[in-house]
Structure formats: structure tokens, C-alpha cells
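Read the structure below first, then the notes.
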Amino acid sequence: MELKTDFSLKAFNTFRVEAVAARYVRFDAENEIADFLGRNLLDGKRRLVLGGGSNLLFVDDFDGIVLHPLLKGIHMVKAARQHLRVRAMAGENWDDLVAFAVANGWGGIENLSLIPGSVGASVVQNIGAYGVEVKAVIDRVEAISIDDRKKVFFTPKDCGFDYRSSNFKGTWAGRFIITAVVFKLSRQPEFVLDYPGVKAVVEDLGSINLETIRQTIISIRQSKLPDPEQVGNGGSFFKNPVIDGNAIDRLLNGYPDLPHYPQGDDQFKLAAGWMIEHCGLKGKRAGKAAVHDKQALVMVNLGGATGREILELSEQVKGAVHDRFGIKLEREVLVVPSPGRISSLAAQPG
Ligand SMILES: Cc1cc2nc3c(=O)[nH]c(=O)nc-3n(C[C@H](O)[C@H](O)[C@H](O)COP(=O)(O)OP(=O)(O)OC[C@H]3O[C@@H](n4cnc5c(N)ncnc54)[C@H](O)[C@@H]3O)c2cc1C
């Protein structure tokens with residue numbers, strides 16, 4: 001365990017913006033978490049559980065305690081003919097887990113290759129990409145309750161998974177430190193190749209298997225998304241909005257080309273990036289903050305932008321999309337501290 005004061009979080013967020021945590025504590029073992037919580041240092045203080053910082057935008061210094069579980073380890077816990085259960089500690093890098101599963105011939109998460117961040121946080125936002133969401137392979141989530149130090153186990157049903165969301169991001173935010181996740185992977189996986197463009201690229205590689213699917217996803221992602229090592233970003237800044245059949249009919253009257261994807265139950269997912277682009281905002285800059293010039297759904301730090309500058313530009317984007325399409329974009333990235341707590345940004349909730 002390592003406890004620090006006035007700790008810079010710049011290297012711990014993929015936007016690479018500066019923010020100082022009043023206190024920061026790093027955990028390398030599960031028992032350190034319970035020990036630390038037992039010291040009552042959190043009383044009355046704000047807390048933030050940090051993973052890889054790839055879904056966070058710091059818009060100010062953090063006046064509470066950052067809790068950083070860096071627990072490591074991946075083990076097979078149960079094997080049967082069709083499925084096996086793999087327990088990964090929360091601080092493992094997500095893509096290392098995917099690489100490990102693919103190398104062993106265990107299917108289920110190959111479409112989620114190269115998503116940045118930690119195993120623990122994969123649950124928090126129910127990560128998803130290329131037609132797969134992590135909720136499909138979660139068997140059990142292990143956590144420590146911050147208030148009473150108790151170890152708790154959650155089934156997928158308990159977690160309330162939804163599109164880029166779960167109870168850990170919603171009603172339970174700030175209550176638990178996820179310590180490990182048990183995944184149910186398959187020895188005879190059914191490949192998910194129906195996402196536009198994926199199947200053709202996999203077939204070009206010769207045969208369809210876990211390895212070629214992983215390679216395909218990695219190459220598609222690298223061609224579309226900026227690498228946080230090169231340019232600071234947090235992936236998709238906004239969620240793709242989901243609207244009902246009446247609303248889509250109204251929009252299609254004005255925008256017949258509007259991409260929309262049926263989700264069942266008369267629900268349709270829209271492409272937020274398309275709408276931002278059609279507002280003429282792709283590549284828009286405000287100082288060192290910008291809308292990415294190749295993928296309009298991504299806000300970037302061109303070098304030296306503050307979190308506030310990025311947030312303010314994102315609010316302009318949100319306003320423009322609302323004015324043009326009547327759609328209120330919702331952030332996928334978590335803003336810390338929440339904008340409501342900062343007086344100059346108080347008019348920009350949610
Ligand atoms: C280039 C890029 C591409 C991306 N592509 C995708 C994508 O395709 N699909 C997708 O879904 N996401 C994507 N993301 C978003 C991001 O990678 C995921 O949300 C990821 O799961 C965040 O992991 P993290 O460890 O960095 O979490 P952080 O950003 O550190 O934290 C995110 C949230 O999880 C909480 N948290 C973190 N660890 C724990 C824990 N152990 N216990 C309890 N709470 C915890 C935090 O408090 C916070 O609320 C992308 C991001 C980038 C930068």
C-alpha cells in the first residue's frame with residue numbers, strides 16, 4: 001500500500017490533463033484495502049475509485065481520496081467441457097486478459113480487444129464493442145463495500161447491466177471497490193461477426209478463429225480511434241442515443257440518410273458521431289481541445305488542454321446536436337468532480 005498527498009493524476013488519465021488529488025492510495029493486495037478502510041481515513045471525504053483513467057475527464061483538482069486498486073492475477077477457477085471460469089483481479093489490464101483468453105483458445109471477449117482500462121472497470125460501464133458487451137460473459141463480481149469493509153459477491157443480475165452502464169456507475173457509484181471478476185468463457189465459441197465490416201476483414205485473413213478476429217478488431221480500432229499514447233482522449237465521449245420508432249420517423253423525414261440500428265422493442269440506436277459531423281464539428285478546435293478530425297465522437301487533448309476546456313467544447317457539441325436534431329447527448333465519459341460541484345460549470349449537468 002502506498003499513501004500520498006497532493007498527487008498528480010496526469011499520468012493516470014488518458015486525456016492526459018493535469019489534476020491533483022488531495023490524497024491518493026494505491027493497493028497491491030486485497031487485505032490492504034480492508035486495512036485501509038479500517039483506519040477511517042475516508043470519513044466524510046469524497047472518494048474516487050480509479051482504474052486506468054480511460055473513461056474519466058478531470059476538470060479540476062480532486063479534494064478527496066483517490067483509491068487505486070492495482071490487484072493482479074488471472075487464474076482458471078473451474079473447467080468443464082464447454083465452458084470455463086476465469087478469475088481476473090481488478091487491476092489487470094483488460095486487453096492483457098483478452099490476449100490471454102485468445103492465446104488459450106477461450107472465446108467470448110475477443111471482440112472487446114484493445115479496449116483500454118482495467119478488468120474492474122470493464123464491469124462498471126459494461127464495456128462493449130463490435131456487437132459484444134462484457135455482461136454476456138460475467139459470472140460473478142467480487143467487491144469490498146467501502147462503508148462497512150465487507151466482501152460482497154454479485155451475480156450479473158445484481159449488477160443491473162445496461163448500455164454502457166451498470167449499478168456501479170449508477171445507484172451504487174462510490175460504494176464498492178471491485179476486487180475481482182469471474183468470467184465464463186467458452187471452448188467452442190460462437191463468433192460474433194455481424195458488425196458492419198468485421199466479417200470481410202476476418203475472411204481476408206484466411207480463416208475465422210479467435211486469433212484472426214482479435215487481429216481484425218485491433219486493426220479496425222487502430223485505423224479509427226486515436227491512440228491515447230499519441231493524443232489524449234477518453235474514447236467515445238458521448239453515448240449513442242437510443243430513441244423510439246415515432247422519434248426515428250420524425251428524424252428520418254428531415255434526414256433520410258440518418259444511420260439508425262434497430263435494438264428491438266421499437267428502439268433504435270443512432271450514431272452520435274454522424275450527428276456531430278453533420279453539425280460541421282468534426283475537427284473543431286478550441287485552443288488545445290478538439291473534436292477528433294477522423295472520429296467526431298471522440299474529444300481530444302492536442303497537448304496542454306485543461307479538462308475544463310475539453311468539457312466546454314463538448315458542451316458546445318451537445319448544444320449543436322440538440323439544436324439541429326432535438327437529441328440530448330449523454331456523456332459516456334465520467335466528469336470528475338461532477339460539473340454541478342464547480343460553480344463556473346454548474347449550468348452543465350449530465
Ligand atoms: C481510445 C479509447 C477507446 C475506448 N473504446 C471503448 C470501447 O470500444 N468500448 C467501451 O465500452 N469503452 C471504451 N473506452 C472507454 C474505457 O476504455 C472503458 O470505459 C474502460 O472500462 C475504463 O476502464 P478504466 O480502468 O480506465 O476505468 P477508469 O476510467 O479509471 O474508471 C471508470 C469508472 O469505473 C470506476 N472504477 C474503476 N475501477 C474500479 C474498481 N476496481 N471498482 C469500482 N469502480 C471502479 C471509476 O470510479 C469510474 O467510475 C475507450 C477509451 C479510450 C481511451
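Here, A, B, ... name the chains of the C-alpha cells in the order displayed, residue numbers run from 1 inside each chain, and ligands are numbered from 1 in the same displayed order.
Residues of region 55-110 of chain A carrying a DSSP assignment of strand (DSSP E or B), computed from the backbone, are Leu56, Leu57, Phe58, Phe62, Asp63, Gly64, Ile65, Val66, Leu67, His68, Pro69, Ile74, His75, Met76, Val77, Lys78, Ala79, His83, Leu84, Arg85, Val86, Arg87, Ala88, Met89, Asn93 and Gly107 of chain A.
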Determine which residues of region 173-337 of chain A DSSP labels as alpha helix (DSSP H) from the backbone of this structure, then write them out as a PyMOL selection string. chain A and resi 198-204+210-224+245-254+272-278+307-325
Can I get the selection written as a PDB file, in the first residue's frame, with C-alpha atoms?
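So the final result, stored in out_33.pdb, reads:
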ATOM      1  CA  VAL A 198     -15.815  -7.149 -39.436  1.00  0.00           C
ATOM      2  CA  LYS A 199     -16.557 -10.365 -41.325  1.00  0.00           C
ATOM      3  CA  ALA A 200     -14.959  -9.235 -44.603  1.00  0.00           C
ATOM      4  CA  VAL A 201     -11.705  -8.286 -42.859  1.00  0.00           C
ATOM      5  CA  VAL A 202     -11.572 -11.565 -40.896  1.00  0.00           C
ATOM      6  CA  GLU A 203     -12.148 -13.577 -44.075  1.00  0.00           C
ATOM      7  CA  ASP A 204      -9.295 -11.715 -45.770  1.00  0.00           C
ATOM      8  CA  LEU A 210     -10.190 -16.249 -32.157  1.00  0.00           C
ATOM      9  CA  GLU A 211      -6.768 -15.026 -33.226  1.00  0.00           C
ATOM     10  CA  THR A 212      -7.890 -13.624 -36.607  1.00  0.00           C
ATOM     11  CA  ILE A 213     -10.927 -11.979 -35.010  1.00  0.00           C
ATOM     12  CA  ARG A 214      -8.667 -10.335 -32.427  1.00  0.00           C
ATOM     13  CA  GLN A 215      -6.271  -9.150 -35.142  1.00  0.00           C
ATOM     14  CA  THR A 216      -9.193  -7.776 -37.150  1.00  0.00           C
ATOM     15  CA  ILE A 217     -10.676  -5.866 -34.241  1.00  0.00           C
ATOM     16  CA  ILE A 218      -7.273  -4.439 -33.345  1.00  0.00           C
ATOM     17  CA  SER A 219      -6.581  -3.265 -36.887  1.00  0.00           C
ATOM     18  CA  ILE A 220     -10.054  -1.708 -37.279  1.00  0.00           C
ATOM     19  CA  ARG A 221      -9.725   0.073 -33.940  1.00  0.00           C
ATOM     20  CA  GLN A 222      -6.236   1.340 -34.729  1.00  0.00           C
ATOM     21  CA  SER A 223      -7.438   2.750 -38.051  1.00  0.00           C
ATOM     22  CA  LYS A 224     -10.401   4.562 -36.471  1.00  0.00           C
ATOM     23  CA  GLY A 245     -39.956   4.403 -33.533  1.00  0.00           C
ATOM     24  CA  ASN A 246     -42.005   7.639 -33.561  1.00  0.00           C
ATOM     25  CA  ALA A 247     -38.943   9.737 -32.886  1.00  0.00           C
ATOM     26  CA  ILE A 248     -36.913   7.976 -35.575  1.00  0.00           C
ATOM     27  CA  ASP A 249     -39.713   8.513 -38.137  1.00  0.00           C
ATOM     28  CA  ARG A 250     -39.707  12.233 -37.373  1.00  0.00           C
ATOM     29  CA  LEU A 251     -35.937  12.463 -37.738  1.00  0.00           C
ATOM     30  CA  LEU A 252     -35.866  10.445 -40.962  1.00  0.00           C
ATOM     31  CA  ASN A 253     -38.253  12.978 -42.538  1.00  0.00           C
ATOM     32  CA  GLY A 254     -35.606  15.652 -42.226  1.00  0.00           C
ATOM     33  CA  ALA A 272     -23.835  10.290 -32.252  1.00  0.00           C
ATOM     34  CA  GLY A 273     -20.636  10.718 -34.311  1.00  0.00           C
ATOM     35  CA  TRP A 274     -22.678  11.104 -37.524  1.00  0.00           C
ATOM     36  CA  MET A 275     -24.830  13.805 -35.942  1.00  0.00           C
ATOM     37  CA  ILE A 276     -21.790  15.688 -34.622  1.00  0.00           C
ATOM     38  CA  GLU A 277     -20.186  15.504 -38.053  1.00  0.00           C
ATOM     39  CA  HIS A 278     -23.390  16.826 -39.661  1.00  0.00           C
ATOM     40  CA  GLY A 307     -10.174  19.255 -18.555  1.00  0.00           C
ATOM     41  CA  ARG A 308     -12.462  22.285 -18.409  1.00  0.00           C
ATOM     42  CA  GLU A 309     -11.558  23.313 -21.957  1.00  0.00           C
ATOM     43  CA  ILE A 310     -12.407  19.826 -23.185  1.00  0.00           C
ATOM     44  CA  LEU A 311     -15.662  19.814 -21.223  1.00  0.00           C
ATOM     45  CA  GLU A 312     -16.629  23.267 -22.500  1.00  0.00           C
ATOM     46  CA  LEU A 313     -16.071  22.230 -26.112  1.00  0.00           C
ATOM     47  CA  SER A 314     -18.094  19.071 -25.502  1.00  0.00           C
ATOM     48  CA  GLU A 315     -20.942  21.235 -24.197  1.00  0.00           C
ATOM     49  CA  GLN A 316     -20.890  23.215 -27.461  1.00  0.00           C
ATOM     50  CA  VAL A 317     -21.094  19.923 -29.352  1.00  0.00           C
ATOM     51  CA  LYS A 318     -24.006  18.808 -27.204  1.00  0.00           C
ATOM     52  CA  GLY A 319     -25.819  22.108 -27.768  1.00  0.00           C
ATOM     53  CA  ALA A 320     -25.305  21.976 -31.536  1.00  0.00           C
ATOM     54  CA  VAL A 321     -26.657  18.423 -31.794  1.00  0.00           C
ATOM     55  CA  HIS A 322     -29.653  19.366 -29.674  1.00  0.00           C
ATOM     56  CA  ASP A 323     -30.394  22.461 -31.760  1.00  0.00           C
ATOM     57  CA  ARG A 324     -30.160  20.567 -35.035  1.00  0.00           C
ATOM     58  CA  PHE A 325     -31.627  17.132 -34.248  1.00  0.00           C
TER      59      PHE A 325
END
Which residues are near ligand 1 in this structure, taking near to mean any atom at most 8 Å from a ligand atom and counting only C-alpha atoms and all ligand atoms? Format them as a ChimeraX atom specification. /A:12-15,48-56,68-69,90-91,93-94,112,114-130,133,143,164,168-169,173-174,176-180,225-228,232-236,333-334
Store the residues picked out above in a file with C-alpha atoms, as a compact mmCIF listing (two decimals), in the first residue's frame.
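New file out09.txt:
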# COMPACT_ATOMS: atom_id res chain seq x y z
CA PHE A 12 -3.29 8.29 -14.61
CA ASN A 13 -5.84 9.57 -17.11
CA THR A 14 -5.82 9.01 -20.87
CA PHE A 15 -6.90 12.61 -21.61
CA LEU A 48 -12.93 8.09 -6.35
CA VAL A 49 -12.02 4.53 -7.32
CA LEU A 50 -9.51 4.74 -10.14
CA GLY A 51 -8.73 2.13 -12.77
CA GLY A 52 -6.77 3.03 -15.90
CA GLY A 53 -8.34 6.51 -16.09
CA SER A 54 -9.54 5.89 -19.65
CA ASN A 55 -13.15 6.86 -19.02
CA LEU A 56 -12.60 9.90 -16.81
CA HIS A 68 -6.42 2.84 -6.76
CA PRO A 69 -6.71 -0.96 -6.64
CA ALA A 90 -9.50 -5.85 -10.90
CA GLY A 91 -6.13 -4.20 -11.59
CA ASN A 93 -5.17 -4.61 -17.87
CA TRP A 94 -8.31 -5.50 -19.81
CA LEU A 112 -13.52 -6.49 -26.95
CA LEU A 114 -7.80 -3.31 -27.34
CA ILE A 115 -10.34 -1.50 -25.16
CA PRO A 116 -8.16 0.44 -22.72
CA GLY A 117 -8.53 0.21 -18.97
CA SER A 118 -8.75 -2.33 -16.19
CA VAL A 119 -10.70 -5.53 -15.61
CA GLY A 120 -12.50 -3.93 -12.63
CA ALA A 121 -13.83 -1.01 -14.65
CA SER A 122 -14.99 -3.25 -17.50
CA VAL A 123 -17.92 -4.13 -15.27
CA VAL A 124 -18.65 -0.56 -14.22
CA GLN A 125 -19.52 0.62 -17.70
CA ASN A 126 -20.40 -2.78 -19.21
CA ILE A 127 -17.80 -2.25 -21.92
CA GLY A 128 -18.93 -3.07 -25.40
CA ALA A 129 -17.66 -3.07 -28.96
CA TYR A 130 -18.31 -4.77 -32.28
CA GLU A 133 -20.94 -6.46 -24.31
CA ALA A 143 -16.05 -6.28 -4.33
CA ARG A 164 -22.51 1.36 -21.17
CA PHE A 168 -21.71 0.50 -10.17
CA LYS A 169 -21.96 3.56 -12.41
CA ALA A 173 -21.44 4.80 -7.55
CA GLY A 174 -18.70 5.24 -4.95
CA PHE A 176 -17.77 -0.52 -3.79
CA ILE A 177 -14.24 -1.30 -4.80
CA ILE A 178 -14.40 -4.14 -7.31
CA THR A 179 -11.55 -6.52 -6.49
CA ALA A 180 -12.01 -9.37 -8.99
CA LEU A 225 -9.53 5.63 -32.94
CA PRO A 226 -6.73 7.87 -31.73
CA ASP A 227 -4.15 6.11 -29.55
CA PRO A 228 -4.13 7.79 -26.11
CA GLY A 232 -5.02 12.36 -25.14
CA ASN A 233 -8.61 11.12 -25.31
CA GLY A 234 -11.21 9.05 -23.48
CA GLY A 235 -12.69 7.09 -26.39
CA SER A 236 -16.33 7.86 -27.23
CA VAL A 333 -17.07 9.76 -20.04
CA LEU A 334 -17.33 10.48 -16.31
At a cut-off of 12 Å, using only C-alpha atoms, what residues contact region 75-82 of chain A? Leave out same-chain residues fewer than 2 positions from it and give the result as a PyMOL selection string. chain A and resi 72-73+84-89+92+97+100-101+104-107+139-140+180-190
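If you look at CA of Glu229 (chain A) and CA of Asp293 (chain A), they are 17.0 Å away from each other.
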Quick one: residues within 10 Å of His292 (chain A), only C-alpha atoms, excluding same-chain residues fewer than 3 positions away - as an MDAnalysis selection string? chainID A and resid 225:226 231 233 281:285 289 295:302
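The protein and nucleic acid residues lying at most 8 Å from Val17 (chain A) are Leu9, Lys10, Leu57, Phe58, Asn301, Gly304, Ala305, Thr306 and Gly307 of chain A, with only C-alpha atoms considered and sequence neighbours fewer than 6 positions away removed.
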So that I can see what lies close to Val192 (chain A), please list as a ChimeraX atom specification the residues with an atom at most 8 Å from it, counting only C-alpha atoms and leaving out residues fewer than 6 positions away in the same chain. /A:111,131-132
Can you write out the residues you just picked, keeping C-alpha atoms, as a PDB file, in the first residue's frame?
ATOM      1  CA  ASN A 111     -14.459  -8.636 -29.956  1.00  0.00           C
ATOM      2  CA  GLY A 131     -21.577  -6.396 -31.249  1.00  0.00           C
ATOM      3  CA  VAL A 132     -20.462  -7.754 -27.848  1.00  0.00           C
TER       4      VAL A 132
END
Tell me, as a PyMOL selection string, which residues lie within 12 Å of Asn31 (chain A), counting only C-alpha atoms; anything in the same chain fewer than 4 positions away does not count. chain A and resi 1+27+35-38+69+71+144+149-151+179
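Atom pair CA of Cys159 (chain A) / CA of Pro339 (chain A): separated by 25.9 Å.
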Using only C-alpha atoms, can you tell me which of A:Ile146, A:Ala21, A:Thr171, A:Asp63 comes closest to Asp158 (chain A)? A:Thr171
Out of A:Ser166, A:Lys269, A:Ala22, A:Asn40, which residue has the shortest atom-to-atom distance to Asp61 (chain A) when counting only C-alpha atoms? A:Ala22
